[in-house]
Structure formats: structure tokens, C-alpha cells
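Participant: Provided herewith is a single structure, encoded as C-alpha cells, for subsequent inquiry.
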Amino acid sequence: EIDPSPWVVQVYVQDETDLRTTSAALRDYVRPELRDSTLTRHWLAVMEEHLSATARPGGVFDDSVVTHWRWGGKLRRTRLVIYRRFRREEQPLRDSLEQLRDQVGRLRASLDAAGVSSRVADGEHVYDWLLHWFNPRPGICDGDSTRLAEIAPYPGDRDLPFGRDFAELLTLSVPRSDTDANLWRLDGMPHTVVSVQGLRRAPEIGALTAERTVGDQVYAVFDRLPVGTVMAMTMVCRPQDLLRAHVANVKRASVGDGAEAVLAHENASQVELQMARGDRLVPTYLSFYVRAGDDTALRRQVNHVESLLLQNGLQTVGRESEFLACDAWLRNLPMNYDPALDRSHRRSRLMFGTHLTSLLPVYGRSRGTGHPGQLFWNRGGEPLSFDPLHKDDRKKNGHMLIVGPTGAGKSATLVYLIMQALAVWRPRVYLIEAGNSFGLMCDYLRSHDVSVHSVAMQPNADVSLPPFAGALSLLETDPPLASIDLEAVDATTSDDDDPADDLDDARDLLGEMEIAARIMITGGDAREDARMSRADRLVIRRAILKAAGQVRAAGRDQVLTEDVAAALRQAGQDESLDPRRRERAVDMGDALLLFCSGVAGHFFNREGSRWPDVGVTHLDMGILQREGYEDQLTVAYIALMNHINSVVEARQHDARPTLVITDEGHIITTNPLLARYVVKITKMWRK
């Protein structure tokens, strides 16, 4: 805090409809080796067109559900300007620059401590910002301001011509002040400023930019301002002792018995008490820049701004009393406010620091992590980006659950998520669905040079998913289950416990196969599964291991369903088991034989071949989604998960990620046995 020549801090907030920076960020985020691929090039072009079409001035559609206002894509920019005016002879330029760097460093540290990220703008950013401000409808671009960057790019900071003036670069046509109408005309468009006279009440936190709920509407006050409105908040950092002296002078001058004098004395005393509690007084000038296509529209928009601000506790200077609008428009431009001139105009108002922080536009909506692996929109129309595949956006492997009523767009959202992930990361995608909702997407991917393997679970399709194909690996790792006493197993803990929970980690694969066998034996019937004791489950595990041993002895590569059924029937001849156990083993073996013939045998009792290593594997459950095939659908899902798990394990150190997606998940997870399996395998995948 210095006097004279105090530091001045200005904050500007505006909505920009130019989303080319978002398109550029997405383009730069793509893995370098994918940028020239057919799919990525095409997808980036599609997204650029989409962002451009969404970010139209005036919005795209009326949101009648959440905000009850016009919705459109935009970026809410908050810019902070800090400077100090003094004569060159007061101190050397080097010292001035060092002071500026010090103040900026302290300010950014304070913002960072409050959770507000910031970056220092370069000359090109300032040039682009002000060039669009002063040239809203440039004739040189046929009125299209988005072309300014192409027509009048930033000239750079090197090899400057003699006498170059940065300010002169910002106006491509001559601004004209209309003193009769009390406004400025830039490119023929009328501009004015609405000045805030004072606060009618203490503002709420985030009064202008924070999202709030009003009735059934959710919006921020700034959302309701006209298109092109810029909020300018200018704060002067004056020494507090001078302001205390000013308040004391007001208090001493408030003498007499008049009501005004008594009230002024009381107010001055309250201000002194508030300052003694640590609150600061800050001279502040709050204003709103407004523009429109013509004078009539500008008048309507100014009335709308004044009404909206009044509803939110900000008293404005009425148009009939505003004789300095042209001057105020100039004074509040970036780095153009001179505190010395305000001594005669007296436009700034003293505000408490607590009230000022409530008005500061550091409150708003989330815009994500800034990693555009997935790009959405928040309620205000700003891009919301995050990336579950980026190491900084997750702690471990991510899981996603998309829920919604019929017709909400769940499958359509999945199509977008898959396309974006493939364009940015090119992961291996395993897509499991019912209804062929993604068939067209797979055709689209093939046409853009992405390898796709599509499988439909139909009786005439050459598809085999043997659920016990990997049982041979258990012979090397699984402990001997034959030594476990079945009667002792039934006498111990509840049926929810795993009979091999205390064994080594190889139980996971065996447990998954046991779940598949139980579903095949019981048909997925909850009552049948409730009859199955823990000893029955151990008999199933023994049968799986025995079948694996017999298959290896026969020189075959895969254990089929009929092998496990035969092992269960052989257990029915085991004299070491009591008759009840033998009878139960035979019953389970016979039940398993139902999956060895017909459509079930076609899918689950033939040796399967390894699926090709492609970018996208698409499995349509086909006939298995019909009523009466619930058990076969569940077994097919388990077999596919086992196949995916083997691929993931073999390539877990590969830089290429893997996505496993299940559409119409309620068809899969309604089986309680399968729900346990899904929990098991996702616990393993999260590592």
C-alpha cells in the first residue's frame, strides 16, 4: 500500500464464444503418434465443427429444465490486471519491474492458497483480448470477429519498427464518441458502461458468478447478463491509515443534533469498529460494459442490467443521472484507471474487504482437470474436461457407471466416449452389449482404419467361449483340495464364505470357474443356488481340478464343460463319500450336461480359439439376451471376462490402456452369482 501512486488491481469477467482454444487443446492432447491417423484426423475435424456450431452468440437452445435461460457454448474468462502509475524520475525502470514481479508473485501465491489457479498472460493474449474488444464487428473481416486472428495476427515482440505503439494496434477502425447519446460507437455498434453507485446490502459469497438455486432454477447472476457484457472491478490499494484518518474526519465533522449528523456519526463509528476487527477498506469502482447492435437494443440491455443488479443488491447510477458515461467507459479500460483523476469525479466507493471478496469473480462452475480425454459441458455452457486414462486424473484404474431412464441417451453417450478415447489414446476396447446398438459405430471405425472384431452370439456363428479353458494352469498353482474334509467344511462358517479363502492367491481363477459351474448347474435360479452347500462347492472345485488333470494326461489343450461333468459323475462313484454326497455329485454332473448339447453346447462345449488382437472387440449377446437364456448369458459373460483378463495380464505393462464396456448392464448384473464375480474381477483390475 503506497501513497501517492498506489497499486491498482482490476478484474474483468466476460463470456467468450470463441472455442478455438478448446479445439487446439484437444489437438495438442492427442498422443503424438496418433495425430496423423485417419480416425484421429477425422474426429478432430468433427469436434472442431461441433465446438464452432455450439458456441454461437446468443446460445443454441432454451434450457427449460435447469437454468430456464438460453444455453450455448462459451468460455467464462476472468482476467486480473495489476499496475501502478508514477513518473519515470521517481525510480528506475528496473526497480519498477522488480516491484511488479514481486507483487504479482504474492498475488498468485494468495490465489493458489485459496485454490484459484492462474497464469501470467503474454503479449499475444492481451493483444487478442483487446483486439476483439475494440473491433466487435470489423469491416475488414466482413463483420466476423473470429477471423481477426487470421487477418491481424499478433506482430510479435522482436524486431519492432520504430515508434510502434501497442495501443494503436488494437483499433482497426476509428472509435467515435457520441456525446449526445452518451455512448461510444465501435464498428458502428453502440457501447456504454453501467456504473455501480454502491451496495444496498451485504453481498452473498460469490454474488455475481457463483451458481445458486432460485426456486426450480439453477444459475449464476452473470449468466443472465446480455451477450457481450464485461464486468470491470477496479480496486485501489490505499494505505489503511489514510482511510482511517478519512473516517475520523467524517466522524468529527458529524456534529449537531440533526438526524443526518447523528446517522453519519454512528456509521463512522461502526466503520472504525469493523476496521479495528481487521477488515480493510478498499476504494472500488464496479462497472459493467454493455454493447448491442443498435441504440434501441442497447437501451433495452442497459435496463436489463440495471434491473438485474438492483435485484441482487447493487445500486447503479441511473441513465438520467449519468453524464460521464463516455468518460467512465475510457477510465475503466485495462490499465487506464488513474486514481488521481477520481478525486474530482469521485466514482470509486469505499468497500469492506469482506464484501469485496464476496463480489470477486473467483467463484464459478467446475471446468474439470483440463485434460480433454473426455469433453463435456457444465450447466453454464463451458467445456468440462477430464480424463480417467490420465495418471493425474485417477489414483488407480477407473470405473464408470452410467445410469438413466429409458431414452436418456446412455448408449449414445457411450458411443461418444469410445470415439473420443480411440481418437486420443487408441486403447484396446472390449464392448459387450445386447441389441447391436454399436454395430454402426463399428462399421464407422472400420472405415477409418481401426481394426474391429465383431462377434454375435447366434447359433450359426462360429463362437466358442469354454468357461473352463484355463483350468490347466490350476494344476501348477492350486493346492490339493482332496485333503479338505467335506463334513468339516459344512460344519464351519456361513455359506457366504469361500471354502478356499485361506488358500493361496490361485483361488481367484478357480473361484471364478466355480461360479461359472454353479450358474450352469443351478440355471441361475436363486433357490437352487441356496440349496448348494459349501461342501458341494468344494466338490465342484475338485471336479474342475480332476478334469484338468485328465485333459492334460490326454494331451489336450483346453478343459471343456463335458470334462467337468464327467468328473462330477465320477465323484458319484467315489466310495470315500457318503451316499448323499455321491448322489449330489451325480445330480450336479447331469445338470452340467445340459450345457454340452444344443445351442449351449455350441457356445460352451467346444474348444475356443484365441480372438485376434484388434483395436475394438465387439460382442453382441444375440440370442442369449432372450428370455430363458439367462444362465447361458451369464456364463458367456464370465467366459469373456476371463479371456479379457488373460489379455490384460499379459500386457499390463503396455502403455496402451484397455477399456471394458458393458451396455445394458442390468441384463448381466441381475444374477447375484454374477454380481459376486464382477466384484472379484474389478477388485483385481483396479490394481
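Residue numbering restarts at 1 for every chain of the C-alpha cells, chains are lettered A, B, ... in their displayed order, and ligands are numbered from 1 as they appear.
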From a DSSP pass on the backbone, collect the residues of range 148-227 of chain A flagged as alpha helix (DSSP H) and hand them back as a ChimeraX atom specification.
Facilitator: /A:148-151
Participant: Counting only C-alpha atoms, which residue out of A:Ala276, A:Ile681, A:Val305, A:Ala591 sits closest to Glu528 in chain A?
Facilitator: A:Ala591
Participant: A:Met275, A:Ala585, A:Ile515, A:Ala261: which is nearest Gly353 in chain A, counting only C-alpha atoms?
Facilitator: A:Met275
Participant: Show which residues sit within 10 Å of Asp216 in chain A, as a short mmCIF file (atom, residue, chain, number, x, y, z; two decimals) with C-alpha atoms, in the first residue's frame. Count only C-alpha atoms, and ignore same-chain residues fewer than 2 positions away.
Facilitator:
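Ended up saving to selection37.cif:
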```
data_model
loop_
_atom_site.label_atom_id
_atom_site.label_comp_id
_atom_site.auth_asym_id
_atom_site.auth_seq_id
_atom_site.Cartn_x
_atom_site.Cartn_y
_atom_site.Cartn_z
CA VAL A 65 -35.23 -27.64 -17.18
CA VAL A 66 -32.25 -26.30 -15.19
CA THR A 67 -31.33 -22.68 -15.89
CA HIS A 68 -34.53 -21.54 -17.65
CA THR A 213 -30.56 -22.27 -6.70
CA VAL A 214 -33.54 -19.94 -7.01
CA VAL A 218 -30.03 -23.12 -11.06
#
```
Participant: Report the distance between CA of Pro239 in chain A and CA of Val81 in chain A in Å, rounded to one decimal place.
Facilitator: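 Those two atoms sit 19.7 Å apart.
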Participant: Excluding Glu664 in chain A and its own-chain neighbours fewer than 5 positions away, which residues fall within 9 Å of it when counting only C-alpha atoms? Please give them as number ranges by chain.
Facilitator: A: 411, 432-435
Participant: May I have the residues within 6 Å of Gly313 in chain A as a PDB file with N, CA and C atoms, in the first residue's frame, using only C-alpha atoms and disregarding those fewer than 6 positions away in the same chain?
Facilitator:
```pdb
ATOM      1  N   LEU A 199     -23.500  -0.531  -2.587  1.00  0.00           N
ATOM      2  CA  LEU A 199     -24.158  -1.768  -2.176  1.00  0.00           C
ATOM      3  C   LEU A 199     -25.399  -1.440  -1.363  1.00  0.00           C
ATOM      4  N   ARG A 200     -26.497  -2.091  -1.674  1.00  0.00           N
ATOM      5  CA  ARG A 200     -27.725  -1.920  -0.906  1.00  0.00           C
ATOM      6  C   ARG A 200     -27.757  -2.846   0.302  1.00  0.00           C
ATOM      7  N   ARG A 201     -27.017  -3.940   0.210  1.00  0.00           N
ATOM      8  CA  ARG A 201     -26.924  -4.882   1.325  1.00  0.00           C
ATOM      9  C   ARG A 201     -25.619  -5.648   1.194  1.00  0.00           C
TER      10      ARG A 201
END
```
Participant: Which polymer residues have any atom within 8 Å of an atom of Arg426 in chain A, counting only C-alpha atoms, with same-chain residues fewer than 3 positions away left out, as a PyMOL selection string?
Facilitator: chain A and resi 34+421-423+615+656-657
Participant: Quick one: pick out all strand (DSSP E) residues within range 170-396 of chain A from a backbone DSSP run and write them as a PyMOL selection string.
Facilitator: chain A and resi 176-178+183-186+189-199+212-214+217-219+230-237+281-291+314-316+349-352+374-377+383-386
Participant: Could those residues be written to a file, using C-alpha atoms, as a PDB file, in the first residue's frame?
Facilitator:
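Here's the written file selection-v3.pdb:
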```pdb
ATOM      1  CA  ARG A 176     -16.292   7.567 -32.201  1.00  0.00           C
ATOM      2  CA  SER A 177     -17.750   9.095 -29.066  1.00  0.00           C
ATOM      3  CA  ASP A 178     -21.390  10.144 -29.296  1.00  0.00           C
ATOM      4  CA  LEU A 183     -22.040   6.338 -25.652  1.00  0.00           C
ATOM      5  CA  TRP A 184     -19.184   5.106 -27.846  1.00  0.00           C
ATOM      6  CA  ARG A 185     -19.511   3.593 -31.295  1.00  0.00           C
ATOM      7  CA  LEU A 186     -17.045   0.891 -32.343  1.00  0.00           C
ATOM      8  CA  MET A 189     -22.014  -0.743 -32.660  1.00  0.00           C
ATOM      9  CA  PRO A 190     -23.066   1.353 -29.639  1.00  0.00           C
ATOM     10  CA  HIS A 191     -21.155   0.741 -26.391  1.00  0.00           C
ATOM     11  CA  THR A 192     -21.737   2.148 -22.931  1.00  0.00           C
ATOM     12  CA  VAL A 193     -20.938   1.416 -19.315  1.00  0.00           C
ATOM     13  CA  VAL A 194     -23.221   0.955 -16.302  1.00  0.00           C
ATOM     14  CA  SER A 195     -21.577   2.213 -13.103  1.00  0.00           C
ATOM     15  CA  VAL A 196     -22.445   0.816  -9.669  1.00  0.00           C
ATOM     16  CA  GLN A 197     -23.132   3.520  -7.120  1.00  0.00           C
ATOM     17  CA  GLY A 198     -22.988   1.332  -4.022  1.00  0.00           C
ATOM     18  CA  LEU A 199     -24.158  -1.768  -2.176  1.00  0.00           C
ATOM     19  CA  ARG A 212     -27.115 -20.689  -6.894  1.00  0.00           C
ATOM     20  CA  THR A 213     -30.560 -22.266  -6.697  1.00  0.00           C
ATOM     21  CA  VAL A 214     -33.542 -19.939  -7.006  1.00  0.00           C
ATOM     22  CA  GLN A 217     -33.786 -22.700 -11.412  1.00  0.00           C
ATOM     23  CA  VAL A 218     -30.027 -23.118 -11.061  1.00  0.00           C
ATOM     24  CA  TYR A 219     -27.933 -20.277 -12.437  1.00  0.00           C
ATOM     25  CA  VAL A 230     -17.954  -7.299 -19.428  1.00  0.00           C
ATOM     26  CA  MET A 231     -17.777  -6.773 -15.674  1.00  0.00           C
ATOM     27  CA  ALA A 232     -14.935  -4.482 -14.595  1.00  0.00           C
ATOM     28  CA  MET A 233     -13.918  -4.206 -10.947  1.00  0.00           C
ATOM     29  CA  THR A 234     -11.192  -1.678 -10.167  1.00  0.00           C
ATOM     30  CA  MET A 235      -9.623  -1.675  -6.684  1.00  0.00           C
ATOM     31  CA  VAL A 236      -7.112   0.860  -5.378  1.00  0.00           C
ATOM     32  CA  CYS A 237      -4.679  -0.282  -2.676  1.00  0.00           C
ATOM     33  CA  LEU A 281     -11.443  -0.505   3.366  1.00  0.00           C
ATOM     34  CA  VAL A 282     -10.770  -0.605  -0.366  1.00  0.00           C
ATOM     35  CA  PRO A 283     -11.720   2.153  -2.835  1.00  0.00           C
ATOM     36  CA  THR A 284     -13.567   0.238  -5.557  1.00  0.00           C
ATOM     37  CA  TYR A 285     -15.150   1.153  -8.865  1.00  0.00           C
ATOM     38  CA  LEU A 286     -17.536  -1.521 -10.154  1.00  0.00           C
ATOM     39  CA  SER A 287     -18.912  -1.153 -13.662  1.00  0.00           C
ATOM     40  CA  PHE A 288     -20.425  -3.209 -16.485  1.00  0.00           C
ATOM     41  CA  TYR A 289     -19.592  -2.689 -20.150  1.00  0.00           C
ATOM     42  CA  VAL A 290     -22.636  -3.248 -22.369  1.00  0.00           C
ATOM     43  CA  ARG A 291     -22.930  -3.309 -26.159  1.00  0.00           C
ATOM     44  CA  LEU A 314     -26.205  -3.366  -6.364  1.00  0.00           C
ATOM     45  CA  GLN A 315     -27.426   0.212  -6.803  1.00  0.00           C
ATOM     46  CA  THR A 316     -26.465   1.612 -10.220  1.00  0.00           C
ATOM     47  CA  ARG A 349     -16.729   3.744  -3.409  1.00  0.00           C
ATOM     48  CA  LEU A 350     -15.186   2.502  -0.190  1.00  0.00           C
ATOM     49  CA  MET A 351     -15.999  -1.175   0.355  1.00  0.00           C
ATOM     50  CA  PHE A 352     -15.062  -3.537   3.142  1.00  0.00           C
ATOM     51  CA  GLN A 374     -13.341 -36.679 -22.233  1.00  0.00           C
ATOM     52  CA  LEU A 375     -15.021 -33.389 -23.100  1.00  0.00           C
ATOM     53  CA  PHE A 376     -18.427 -32.407 -21.726  1.00  0.00           C
ATOM     54  CA  TRP A 377     -20.245 -29.183 -20.813  1.00  0.00           C
ATOM     55  CA  PRO A 383     -16.227 -27.067 -21.639  1.00  0.00           C
ATOM     56  CA  LEU A 384     -15.758 -29.589 -18.812  1.00  0.00           C
ATOM     57  CA  SER A 385     -12.765 -31.837 -19.412  1.00  0.00           C
ATOM     58  CA  PHE A 386     -11.199 -34.747 -17.566  1.00  0.00           C
TER      59      PHE A 386
END
```
Participant: Near Thr634 in chain A, counting only C-alpha atoms, which residues have an atom at most 10 Å away, once you skip same-chain residues fewer than 6 positions from it, shown as a PyMOL selection string?
Facilitator: chain A and resi 516+519-520+523-524+624-625+640+667-671+673-674
Participant: Hey, can you check how far CA of Ser23 in chain A sits from CA of Arg77 in chain A?
Facilitator: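 We find that CA of Ser23 in chain A and CA of Arg77 in chain A lie 16.5 Å from each other.
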Participant: When you draw a straight line from CA of Arg610 in chain A to CA of Val648 in chain A, how long is it in Å?
Facilitator: 13.8 Å
